[in-house]
>>> print(open('coords_32.txt').read())   # compact mmCIF, C-alpha atoms and all ligand atoms
# COMPACT_ATOMS: atom_id res chain seq x y z
CA MET A 1 0.00 0.00 0.00
CA TYR A 2 1.83 3.16 1.06
CA ALA A 3 4.53 0.59 1.62
CA GLN A 4 4.16 -1.97 -1.12
CA MET A 5 5.93 -5.32 -1.22
CA VAL A 6 8.20 -4.90 1.76
CA ASP A 7 10.86 -7.60 1.86
CA THR A 8 10.97 -9.25 5.29
CA GLY A 9 14.38 -10.78 4.66
CA SER A 10 13.13 -14.31 5.06
CA PRO A 11 10.23 -16.21 3.53
CA SER A 12 9.47 -18.32 6.59
CA ALA A 13 9.26 -17.86 10.34
CA THR A 14 10.26 -21.40 11.25
CA SER A 15 13.70 -21.19 12.82
CA LEU A 16 13.29 -18.99 15.87
CA ASP A 17 16.01 -19.01 18.43
CA GLU A 18 15.02 -18.64 22.04
CA ARG A 19 15.32 -14.87 22.21
CA GLU A 20 13.28 -14.57 19.10
CA ALA A 21 10.67 -16.94 20.49
CA ARG A 22 10.35 -14.73 23.57
CA PHE A 23 10.05 -11.68 21.31
CA GLN A 24 7.32 -13.39 19.30
CA SER A 25 5.37 -14.41 22.37
CA ARG A 26 5.40 -10.83 23.63
CA ILE A 27 3.97 -9.75 20.29
CA ASP A 28 1.37 -12.53 20.48
CA ASP A 29 0.39 -11.18 23.91
CA GLY A 30 -0.14 -7.74 22.39
CA ILE A 31 2.81 -6.12 24.17
CA ARG A 32 4.19 -3.21 22.14
CA VAL A 33 7.82 -3.23 21.07
CA GLU A 34 9.63 0.00 22.00
CA PRO A 35 12.87 1.37 20.50
CA GLN A 36 15.16 0.24 23.34
CA ASP A 37 13.80 -3.32 23.42
CA TRP A 38 15.67 -6.22 21.86
CA MET A 39 14.25 -7.16 18.47
CA PRO A 40 15.32 -9.53 15.70
CA ASP A 41 17.39 -7.89 13.03
CA ARG A 42 14.91 -8.85 10.35
CA TYR A 43 12.07 -7.20 12.26
CA ARG A 44 14.11 -4.01 12.55
CA LYS A 45 15.12 -4.00 8.89
CA THR A 46 11.64 -4.82 7.64
CA LEU A 47 10.14 -2.04 9.73
CA ILE A 48 12.74 0.46 8.54
CA ARG A 49 11.84 -0.44 4.96
CA GLN A 50 8.10 -0.32 5.61
CA ILE A 51 8.01 2.90 7.63
CA SER A 52 10.48 4.78 5.42
CA GLN A 53 8.58 3.76 2.28
CA HIS A 54 5.44 5.00 3.95
CA ALA A 55 7.17 8.29 4.86
CA HIS A 56 8.47 8.75 1.31
CA SER A 57 4.93 8.18 0.01
CA GLU A 58 3.60 10.98 2.21
CA ILE A 59 6.29 13.33 0.94
CA VAL A 60 6.07 12.46 -2.76
CA GLY A 61 2.28 12.37 -2.38
CA GLN A 62 2.33 16.12 -1.93
CA LEU A 63 3.50 16.63 -5.51
CA PRO A 64 0.48 15.53 -7.59
CA GLU A 65 -1.83 17.70 -5.47
CA GLY A 66 0.62 20.54 -5.05
CA ASN A 67 0.31 20.81 -8.80
CA TRP A 68 -3.21 22.25 -8.27
CA ILE A 69 -2.72 24.62 -5.34
CA THR A 70 -2.19 27.66 -7.54
CA ARG A 71 -5.05 26.66 -9.83
CA ALA A 72 -7.73 25.69 -7.31
CA PRO A 73 -11.12 27.02 -8.46
CA SER A 74 -11.72 29.24 -5.42
CA LEU A 75 -9.89 30.76 -2.48
CA LYS A 76 -11.74 28.38 -0.16
CA ARG A 77 -10.70 25.30 -2.15
CA LYS A 78 -7.16 26.62 -2.31
CA ALA A 79 -6.92 27.10 1.45
CA ILE A 80 -8.32 23.60 2.04
CA LEU A 81 -5.94 21.97 -0.43
CA LEU A 82 -3.01 23.85 1.06
CA ALA A 83 -3.94 22.57 4.53
CA LYS A 84 -4.29 19.03 3.19
CA VAL A 85 -0.92 19.05 1.47
CA GLN A 86 0.67 20.55 4.59
CA ASP A 87 -0.78 17.66 6.60
CA GLU A 88 0.98 15.22 4.27
CA ALA A 89 4.31 16.88 5.03
CA GLY A 90 3.52 16.35 8.72
CA HIS A 91 2.70 12.68 8.07
CA GLY A 92 6.07 12.30 6.41
CA LEU A 93 7.73 13.80 9.47
CA TYR A 94 5.87 11.59 12.00
CA LEU A 95 6.89 8.54 10.01
CA TYR A 96 10.51 9.53 9.43
CA SER A 97 10.75 10.09 13.18
CA ALA A 98 9.33 6.64 13.87
CA ALA A 99 11.81 5.05 11.44
CA GLU A 100 14.71 6.92 13.06
CA THR A 101 13.97 5.24 16.39
CA LEU A 102 15.07 2.01 14.67
CA GLY A 103 18.55 3.36 14.00
CA ILE A 104 18.49 4.80 10.48
CA THR A 105 19.26 8.51 10.08
CA ARG A 106 16.96 11.04 8.45
CA ASP A 107 19.71 11.99 6.04
CA GLN A 108 20.12 8.39 4.93
CA MET A 109 16.41 8.08 4.21
CA VAL A 110 16.23 11.39 2.34
CA ASP A 111 19.25 10.34 0.33
CA ASP A 112 17.71 6.95 -0.51
CA LEU A 113 14.60 8.70 -1.78
CA HIS A 114 16.47 11.25 -3.86
CA THR A 115 18.82 8.75 -5.47
CA GLY A 116 15.88 6.54 -6.42
CA LYS A 117 17.05 3.70 -4.19
CA ALA A 118 13.97 3.83 -1.99
CA LYS A 119 10.47 3.07 -3.15
CA TYR A 120 7.29 5.01 -2.53
CA SER A 121 3.68 4.18 -3.36
CA SER A 122 3.25 3.73 -7.10
CA ILE A 123 -0.01 5.72 -7.03
CA PHE A 124 1.90 9.00 -6.92
CA ASN A 125 3.46 8.34 -10.30
CA TYR A 126 0.18 9.11 -12.03
CA PRO A 127 -0.50 12.67 -13.25
CA THR A 128 -3.20 15.06 -11.99
CA LEU A 129 -4.68 16.29 -15.26
CA THR A 130 -7.77 18.17 -14.02
CA TRP A 131 -9.18 19.66 -10.82
CA ALA A 132 -11.40 16.57 -10.51
CA ASP A 133 -8.23 14.54 -9.93
CA VAL A 134 -7.75 16.40 -6.66
CA GLY A 135 -11.23 15.24 -5.64
CA ALA A 136 -10.57 11.68 -6.79
CA ILE A 137 -7.27 11.53 -4.92
CA GLY A 138 -8.79 12.65 -1.62
CA TRP A 139 -11.71 10.28 -2.02
CA LEU A 140 -9.92 7.21 -3.39
CA VAL A 141 -6.22 7.50 -2.57
CA ASP A 142 -6.60 8.92 0.93
CA GLY A 143 -9.57 6.57 1.30
CA SER A 144 -7.37 3.56 0.53
CA ALA A 145 -4.69 4.94 2.81
CA ILE A 146 -7.14 5.13 5.73
CA MET A 147 -8.28 1.57 5.03
CA ASN A 148 -4.70 0.40 5.33
CA GLN A 149 -3.64 2.64 8.19
CA ILE A 150 -6.42 2.22 10.72
CA PRO A 151 -5.32 -1.36 11.54
CA LEU A 152 -1.70 -0.14 11.76
CA CYS A 153 -2.70 1.98 14.78
CA ARG A 154 -2.60 -1.41 16.55
CA CYS A 155 0.67 -2.65 15.05
CA SER A 156 3.37 -4.12 17.27
CA TYR A 157 5.93 -1.30 17.05
CA GLY A 158 5.03 1.50 19.48
CA PRO A 159 6.40 4.55 17.65
CA TYR A 160 4.84 3.42 14.36
CA ALA A 161 1.46 2.75 15.98
CA ARG A 162 1.49 6.16 17.68
CA ALA A 163 2.42 7.91 14.43
CA MET A 164 -0.44 6.11 12.68
CA ILE A 165 -2.94 7.35 15.26
CA ARG A 166 -2.01 10.96 14.51
CA VAL A 167 -2.06 10.31 10.77
CA CYS A 168 -5.47 8.61 10.81
CA LYS A 169 -7.06 11.51 12.70
CA GLU A 170 -5.97 13.86 9.94
CA GLU A 171 -6.74 11.55 7.02
CA ALA A 172 -10.48 11.65 7.69
CA PHE A 173 -10.44 15.33 6.68
CA HIS A 174 -8.51 14.46 3.52
CA MET A 175 -11.00 11.89 2.33
CA ARG A 176 -13.98 14.11 3.04
CA GLN A 177 -12.56 17.15 1.27
CA GLY A 178 -12.00 14.91 -1.75
CA TYR A 179 -15.54 13.55 -1.74
CA ASP A 180 -16.81 17.09 -1.24
CA ILE A 181 -15.04 18.15 -4.44
CA MET A 182 -16.62 15.19 -6.26
CA LEU A 183 -20.07 16.09 -4.86
CA ALA A 184 -19.73 19.66 -6.12
CA LEU A 185 -18.59 18.55 -9.58
CA CYS A 186 -21.35 15.95 -9.87
CA ALA A 187 -23.98 18.55 -8.94
CA GLY A 188 -22.53 20.95 -11.52
CA THR A 189 -22.70 21.23 -15.31
CA PRO A 190 -22.59 18.13 -17.55
CA GLU A 191 -18.98 19.05 -18.34
CA GLN A 192 -18.08 19.13 -14.66
CA LYS A 193 -19.74 15.80 -14.05
CA ALA A 194 -17.91 14.31 -17.05
CA MET A 195 -14.69 15.58 -15.52
CA ALA A 196 -15.49 13.76 -12.28
CA GLN A 197 -16.26 10.55 -14.19
CA ASP A 198 -13.01 10.85 -16.13
CA ALA A 199 -11.03 11.25 -12.91
CA LEU A 200 -12.73 8.19 -11.39
CA ASN A 201 -11.95 6.24 -14.56
CA ARG A 202 -8.26 7.03 -14.26
CA TRP A 203 -7.84 6.66 -10.48
CA TRP A 204 -9.99 3.60 -9.81
CA TRP A 205 -7.54 0.89 -10.84
CA PRO A 206 -4.37 2.52 -9.50
CA SER A 207 -6.18 2.99 -6.16
CA LEU A 208 -6.95 -0.72 -5.98
CA MET A 209 -3.34 -1.51 -6.89
CA MET A 210 -2.23 0.53 -3.87
CA PHE A 211 -2.98 -2.44 -1.63
CA GLY A 212 -0.20 -4.38 -3.32
CA PRO A 213 -0.02 -7.68 -5.21
CA PRO A 214 -2.66 -10.39 -4.74
CA ASP A 215 -2.24 -12.53 -1.62
CA GLY A 216 -0.93 -15.50 -3.60
CA ASP A 217 1.99 -13.38 -4.83
CA SER A 218 2.93 -11.55 -1.64
CA VAL A 219 5.72 -13.71 -0.29
CA HIS A 220 6.48 -11.74 2.85
CA SER A 221 2.95 -11.36 4.09
CA ALA A 222 2.97 -14.28 6.53
CA GLN A 223 6.03 -13.06 8.43
CA SER A 224 4.72 -9.50 8.58
CA GLN A 225 1.42 -10.75 9.89
CA ALA A 226 3.14 -12.84 12.56
CA TRP A 227 5.04 -9.74 13.63
CA LYS A 228 1.79 -7.74 13.60
CA ILE A 229 3.14 -5.06 11.34
CA LYS A 230 0.57 -6.08 8.76
CA LEU A 231 -2.85 -6.93 10.16
CA PHE A 232 -4.89 -7.72 7.07
CA THR A 233 -3.90 -9.21 3.74
CA ASN A 234 -3.75 -7.10 0.58
CA ASP A 235 -6.84 -8.74 -0.88
CA GLU A 236 -8.83 -8.35 2.34
CA LEU A 237 -8.16 -4.61 2.40
CA ARG A 238 -8.79 -4.27 -1.33
CA GLN A 239 -12.18 -5.96 -0.97
CA LYS A 240 -13.09 -3.60 1.88
CA MET A 241 -12.17 -0.65 -0.33
CA VAL A 242 -14.32 -1.89 -3.21
CA ASP A 243 -17.24 -2.54 -0.85
CA GLN A 244 -16.98 0.93 0.61
CA THR A 245 -16.43 2.81 -2.63
CA VAL A 246 -19.01 1.36 -5.02
CA PRO A 247 -22.02 2.78 -3.11
CA GLN A 248 -20.18 6.11 -2.72
CA ALA A 249 -19.73 6.26 -6.51
CA GLU A 250 -23.41 5.41 -6.98
CA HIS A 251 -24.39 8.27 -4.71
CA LEU A 252 -22.39 10.61 -6.93
CA GLY A 253 -24.13 9.20 -10.01
CA LEU A 254 -20.78 7.94 -11.30
CA VAL A 255 -19.92 4.50 -12.65
CA VAL A 256 -16.80 2.62 -11.58
CA PRO A 257 -14.85 1.67 -14.71
CA ASP A 258 -15.18 -2.09 -14.22
CA PRO A 259 -18.09 -3.94 -15.84
CA ALA A 260 -17.42 -6.89 -13.53
CA VAL A 261 -18.40 -4.94 -10.43
CA LYS A 262 -21.55 -6.57 -9.10
CA TRP A 263 -23.02 -7.23 -5.65
CA ASN A 264 -22.53 -10.85 -4.68
CA ALA A 265 -25.19 -11.66 -2.10
CA GLU A 266 -23.66 -15.03 -1.34
CA ARG A 267 -20.27 -13.58 -0.42
CA GLY A 268 -21.71 -10.40 1.02
CA HIS A 269 -19.22 -8.44 -1.05
CA TYR A 270 -18.93 -6.76 -4.42
CA ASP A 271 -17.22 -8.85 -7.09
CA TYR A 272 -14.73 -6.98 -9.22
CA GLY A 273 -12.63 -7.62 -12.30
CA ASP A 274 -9.00 -8.58 -12.80
CA ILE A 275 -6.34 -6.03 -12.06
CA ASP A 276 -3.63 -5.37 -14.64
CA TRP A 277 -0.64 -6.31 -12.50
CA GLU A 278 1.72 -5.81 -15.39
CA GLU A 279 0.94 -2.09 -15.21
CA PHE A 280 1.56 -2.12 -11.46
CA TYR A 281 4.98 -3.78 -11.70
CA ASN A 282 5.89 -1.48 -14.54
CA VAL A 283 5.16 1.61 -12.45
CA VAL A 284 6.98 0.12 -9.43
CA LYS A 285 10.00 -0.47 -11.68
CA GLY A 286 10.08 3.22 -12.52
CA ASN A 287 8.21 3.33 -15.82
CA GLY A 288 5.02 5.08 -14.66
CA PRO A 289 3.91 8.29 -16.33
CA CYS A 290 5.53 10.55 -13.70
CA ASN A 291 8.29 8.56 -11.92
CA ARG A 292 11.11 10.61 -13.36
CA GLU A 293 9.38 13.95 -12.88
CA ARG A 294 8.58 13.24 -9.21
CA LEU A 295 12.19 12.50 -8.36
CA GLU A 296 13.43 15.50 -10.33
CA VAL A 297 11.08 17.83 -8.44
CA ARG A 298 12.13 16.35 -5.06
CA ASN A 299 15.82 16.67 -5.87
CA LYS A 300 15.38 20.24 -7.12
CA ALA A 301 13.52 21.25 -3.96
CA TRP A 302 16.29 19.71 -1.84
CA THR A 303 19.11 21.36 -3.78
CA ASP A 304 17.37 24.73 -4.01
CA GLY A 305 16.87 24.72 -0.24
CA GLU A 306 20.46 23.91 0.57
CA TRP A 307 21.66 27.53 1.03
CA PHE A 308 18.80 28.12 3.48
CA ARG A 309 19.51 24.99 5.52
CA ASP A 310 23.19 25.92 5.60
CA ALA A 311 22.33 29.45 6.74
CA LEU A 312 20.23 28.07 9.61
CA VAL A 313 23.13 25.91 10.73
CA ALA A 314 25.59 28.82 10.47
CA HIS A 315 23.27 30.96 12.58
CA ALA A 316 22.82 28.22 15.19
CA ASP A 317 26.61 27.69 15.36
CA LYS A 318 27.24 31.41 15.82
CA GLN A 319 24.66 31.67 18.61
CA ALA A 320 26.17 28.66 20.36
CA GLN A 321 29.69 30.15 20.09
CA ARG A 322 28.47 33.43 21.59
CA LEU A 323 26.97 31.55 24.51
CA THR A 324 30.24 29.72 25.22
CA ALA A 325 32.18 32.99 24.89
CA GLN A 326 29.87 34.67 27.42
CA ALA A 327 30.21 31.78 29.83
CA ALA A 328 34.04 31.83 29.58
CA MET B 1 24.65 16.50 4.28
CA LYS B 2 27.62 16.49 6.60
CA ASN B 3 25.83 18.24 9.40
CA GLN B 4 22.58 16.54 10.42
CA TRP B 5 20.42 18.77 12.59
CA PRO B 6 19.98 17.59 16.17
CA LEU B 7 16.83 15.74 17.18
CA TRP B 8 14.38 17.46 19.54
CA GLU B 9 11.60 15.83 21.54
CA VAL B 10 8.37 17.81 21.54
CA PHE B 11 6.03 18.15 24.53
CA ILE B 12 2.66 19.90 24.32
CA ARG B 13 0.31 21.13 27.05
CA SER B 14 -3.22 20.65 25.72
CA GLN B 15 -6.06 23.08 26.20
CA HIS B 16 -7.25 21.26 29.26
CA GLY B 17 -4.58 22.41 31.65
CA LEU B 18 -2.90 19.01 31.82
CA ALA B 19 0.84 18.42 32.11
CA HIS B 20 2.98 18.68 28.98
CA ARG B 21 2.84 15.39 27.11
CA HIS B 22 5.31 13.91 24.65
CA VAL B 23 3.87 14.09 21.14
CA GLY B 24 6.80 13.34 18.86
CA SER B 25 10.13 14.61 17.65
CA LEU B 26 11.73 16.63 14.89
CA HIS B 27 15.08 17.84 13.62
CA ALA B 28 16.02 21.51 13.85
CA PRO B 29 19.29 23.45 13.89
CA ASP B 30 18.46 25.25 17.15
CA ALA B 31 15.84 25.61 19.88
CA THR B 32 14.04 28.52 18.23
CA MET B 33 13.59 26.65 14.98
CA ALA B 34 12.58 23.55 16.91
CA LEU B 35 9.80 25.55 18.60
CA ASN B 36 8.67 27.05 15.29
CA ASN B 37 8.58 23.68 13.59
CA ALA B 38 6.86 22.02 16.53
CA ARG B 39 4.14 24.64 16.34
CA ASP B 40 3.66 23.97 12.61
CA VAL B 41 3.68 20.20 12.88
CA TYR B 42 1.99 19.45 16.18
CA THR B 43 -0.51 22.26 16.85
CA ARG B 44 -2.28 22.82 13.53
CA ARG B 45 -5.61 21.83 15.06
CA ASN B 46 -5.54 23.66 18.36
CA GLU B 47 -3.86 20.78 20.12
CA GLY B 48 -1.91 22.96 22.50
CA VAL B 49 -1.41 26.13 24.50
CA SER B 50 2.26 25.59 25.34
CA ILE B 51 5.23 23.77 23.81
CA TRP B 52 8.46 22.43 25.27
CA VAL B 53 11.29 21.22 23.07
CA VAL B 54 14.16 19.24 24.57
CA LYS B 55 17.22 17.97 22.79
CA SER B 56 16.92 14.17 22.66
CA THR B 57 20.52 13.80 23.78
CA ASP B 58 19.66 15.69 27.00
CA ILE B 59 17.16 13.05 28.07
CA THR B 60 18.34 10.30 30.41
CA ALA B 61 16.16 7.23 30.17
CA SER B 62 15.91 4.03 32.16
CA HIS B 63 17.11 0.89 30.40
CA PRO B 64 14.58 -1.81 29.47
CA ASP B 65 16.85 -4.48 31.01
CA ASP B 66 16.45 -2.77 34.40
CA LYS B 67 12.69 -3.00 34.24
CA ALA B 68 12.34 -5.83 36.75
CA GLU B 69 14.81 -4.28 39.19
CA LEU B 70 13.16 -0.87 39.02
CA PHE B 71 9.51 -1.65 38.92
CA ASP B 72 8.86 -5.13 40.35
CA PRO B 73 9.40 -4.10 44.00
CA ALA B 74 6.23 -1.99 43.79
CA ASN B 75 4.19 -5.13 43.11
CA SER B 76 4.51 -6.40 46.66
CA LYS B 77 3.57 -3.08 48.26
CA VAL B 78 -0.13 -3.19 47.72
CA TYR B 79 -0.65 -1.32 51.02
CA ARG B 80 0.26 1.82 49.08
CA HIS B 81 -3.20 1.72 47.58
CA PRO B 82 -6.16 2.90 49.69
CA THR B 83 -8.16 -0.14 48.63
CA PHE B 84 -5.75 -2.34 50.65
CA PHE B 85 -7.48 -1.30 53.89
CA PRO B 86 -10.95 -2.71 54.50
CA MET B 87 -13.00 0.00 56.21
CA PRO B 88 -16.20 -0.46 58.19
CA GLU B 89 -19.01 0.44 55.84
CA GLU B 90 -20.97 2.37 58.44
CA VAL B 91 -18.09 4.80 59.06
CA LYS B 92 -18.24 7.75 56.68
CA GLY B 93 -15.57 10.11 55.38
CA LEU B 94 -12.77 7.60 54.87
FE FE A 401 -1.08 11.23 4.66
FE FE A 402 -3.85 12.20 3.27
>>> encode(input="coords_32.txt", output="structure tokens")
Amino acid sequence: MYAQMVDTGSPSATSLDEREARFQSRIDDGIRVEPQDWMPDRYRKTLIRQISQHAHSEIVGQLPEGNWITRAPSLKRKAILLAKVQDEAGHGLYLYSAAETLGITRDQMVDDLHTGKAKYSSIFNYPTLTWADVGAIGWLVDGSAIMNQIPLCRCSYGPYARAMIRVCKEEAFHMRQGYDIMLALCAGTPEQKAMAQDALNRWWWPSLMMFGPPDGDSVHSAQSQAWKIKLFTNDELRQKMVDQTVPQAEHLGLVVPDPAVKWNAERGHYDYGDIDWEEFYNVVKGNGPCNRERLEVRNKAWTDGEWFRDALVAHADKQAQRLTAQAA
Amino acid sequence: MKNQWPLWEVFIRSQHGLAHRHVGSLHAPDATMALNNARDVYTRRNEGVSIWVVKSTDITASHPDDKAELFDPANSKVYRHPTFFPMPEEVKGL
């Protein structure tokens, strides 16, 4: 999802030494792991990968929407979008902080993102072509994020769980402002409604891909579930998202772009069609419509801000020197 | 970057007059910037009326391995809780 396909370092959880067995039984008992506690190396590394990927997604996720801040249709919409995008920066910070408690530095993570070594959610490599895309992102992308993140508020690693609680509180606003944009467009002119439908058509499938590969193909799922850093499978979460979203689309008078979507009374869920996983892997590999542009923009922002960061450090150093001089 | 900014722990007093509570951490070059950033990140929804920032390196913490030594002795001292003492029901004001 925001962290897709996180490698757990081992496909099976069979050979636990005694310390690891004790660790696992604490997790089974629902005791939170805190930064100073002993933890298996693979748990630490997997969490660093998962949390930093999640953080990178929050940061890169600002770019598609940031694209519309200066072109929002009213001052009110502009202020709301600005607040939403600012929240995402905060989410990135909460998550980077949580990852740092596991022993990786902020600079290392930022560097991994900027050199293209680190992954972020593939959804943010799609372009935002119209204002309706901002609505669709809030509704579908933040909606999927909430679906994935609410269970993580109960995950086994304390700092991650606490960060998720803060994030989830703020995400509810994001999803609603998105649906509110869709409501306004769908109550507008035929052109505006067509714009909303077009945005749904383009964001529907990538949103479902956000939950990651089908359960049969996600090799590391079992270990992550045992560690309670993943509480539902990809397909379980995806089904929840479909079940939640189809009626919301109907209320808007929009049609989800999948003729296979149909209520299945026997299962108590909506059926839906096959996902084009080739597209997903292609975007993950770096060949999505905006992969290159996103990294370029991030790198430019970082480089352009360097003189300012350096000035802050120079100022702090000078103040500290003055203090020592006074004390001497 | 050769010069990573120090880490600051952020504590916020909420509206309700409670003690400052740890809410998270951030990097900043100095205390003033740490306060400014803490305000932007942790109080965007009226979460607080006062902020403390403390350099993480200035915090001394107990070690998890000492947990038993530090905290287990309290287990056997149940008389520290008022409920330890059975009181006659008919006597009021206790
Ligand atoms: Fe977010
Ligand atoms: Fe969001």
>>> residues_around(input="coords_32.txt", residues="stretch 59-62 of chain B", least_positions_apart="5", cutoff="12 Å", atoms="only C-alpha atoms", output="ChimeraX atom specification")
/A:35-37 /B:7-10,53-54,67-71
>>> closest_atom_pairs(input="coords_32.txt", of="chain A", to="chain B", cutoff="10 Å", atoms="all atoms listed in the file", output="CSV")
residue,atom,partner,partner_atom,distance
A:Glu34,CA,B:Pro64,CA,9.1
A:Pro35,CA,B:Pro64,CA,9.7
A:Gln36,CA,B:Pro64,CA,6.5
A:Asp37,CA,B:Pro64,CA,6.3
A:Trp38,CA,B:Pro64,CA,8.9
A:Ala83,CA,B:Arg44,CA,9.2
A:Gln86,CA,B:Val41,CA,8.8
A:Asp87,CA,B:Val41,CA,8.1
A:Ala89,CA,B:Val41,CA,8.5
A:Gly90,CA,B:Val41,CA,5.7
A:His91,CA,B:Val41,CA,9.0
A:Leu93,CA,B:Leu26,CA,7.3
A:Tyr94,CA,B:Gly24,CA,7.1
A:Tyr96,CA,B:Leu26,CA,9.0
A:Ser97,CA,B:Ser25,CA,6.4
A:Ala98,CA,B:Gly24,CA,8.7
A:Glu100,CA,B:Leu7,CA,10.0
A:Thr105,CA,B:Gln4,CA,8.7
A:Arg106,CA,B:Gln4,CA,8.1
A:Asp107,CA,B:Met1,CA,6.9
A:Gln108,CA,B:Met1,CA,9.3
A:Asp111,CA,B:Met1,CA,9.1
A:Pro159,CA,B:Gly24,CA,8.9
A:Arg162,CA,B:Val23,CA,9.0
A:Ala163,CA,B:Gly24,CA,8.3
A:Arg166,CA,B:Val23,CA,9.4
A:Glu170,CA,B:Arg45,CA,9.5
A:Glu306,CA,B:Met1,CA,9.3
A:Arg309,CA,B:Pro29,CA,8.5
A:Asp310,CA,B:Asn3,CA,9.0
A:Ala311,CA,B:Pro29,CA,9.8
A:Leu312,CA,B:Pro29,CA,6.4
A:Val313,CA,B:Pro29,CA,5.5
A:Ala314,CA,B:Pro29,CA,9.0
A:His315,CA,B:Pro29,CA,8.6
A:Ala316,CA,B:Asp30,CA,5.6
A:Asp317,CA,B:Pro29,CA,8.6
A:Gln319,CA,B:Asp30,CA,9.0
A:Ala320,CA,B:Asp30,CA,9.0
>>> residues_near_ligand(input="coords_32.txt", ligand="ligand FE 402 (chain A)", cutoff="7 Å", atoms="only C-alpha atoms and all ligand atoms", output="ChimeraX atom specification")
/A:84,88,138,142,171,174
>>> atom_distance(input="coords_32.txt", atom1="atom CA of A:Asp28", atom2="atom CA of A:Lys45")
19.9 Å
>>> closest_residue(input="coords_32.txt", among="A:Ala226, A:Pro206, A:Ala132, A:Gln321", to="A:Asp29", atoms="only C-alpha atoms")
A:Ala226
>>> atom_distance(input="coords_32.txt", atom1="atom CA of A:Ala327", atom2="atom CA of B:Pro6")
22.2 Å
>>> closest_residue(input="coords_32.txt", among="A:Ile123, A:Leu81, A:Val141, A:Ala194", to="ligand FE 401 (chain A)", atoms="only C-alpha atoms and all ligand atoms")
A:Val141
>>> atom_distance(input="coords_32.txt", atom1="atom CA of A:His56", atom2="atom CA of A:Asn148")
16.1 Å
>>> residues_around(input="coords_32.txt", residues="A:Glu20", least_positions_apart="5", cutoff="10 Å", atoms="only C-alpha atoms", output="ChimeraX atom specification")
/A:15,25-26,38-41
>>> closest_residue(input="coords_32.txt", among="A:Pro73, A:Gly268, A:Gly92, A:Gly305", to="ligand FE 401 (chain A)", atoms="all atoms listed in the file")
A:Gly92
>>> residues_around(input="coords_32.txt", residues="A:Lys230", least_positions_apart="5", cutoff="8 Å", atoms="all atoms listed in the file", output="list of chain:residue names")
A:Leu152, A:Cys155, A:Ser221, A:Ser224, A:Gln225
>>> closest_residue(input="coords_32.txt", among="A:Thr189, A:Thr233, A:Ser57, A:Thr128", to="A:Leu113", atoms="all atoms listed in the file")
A:Ser57
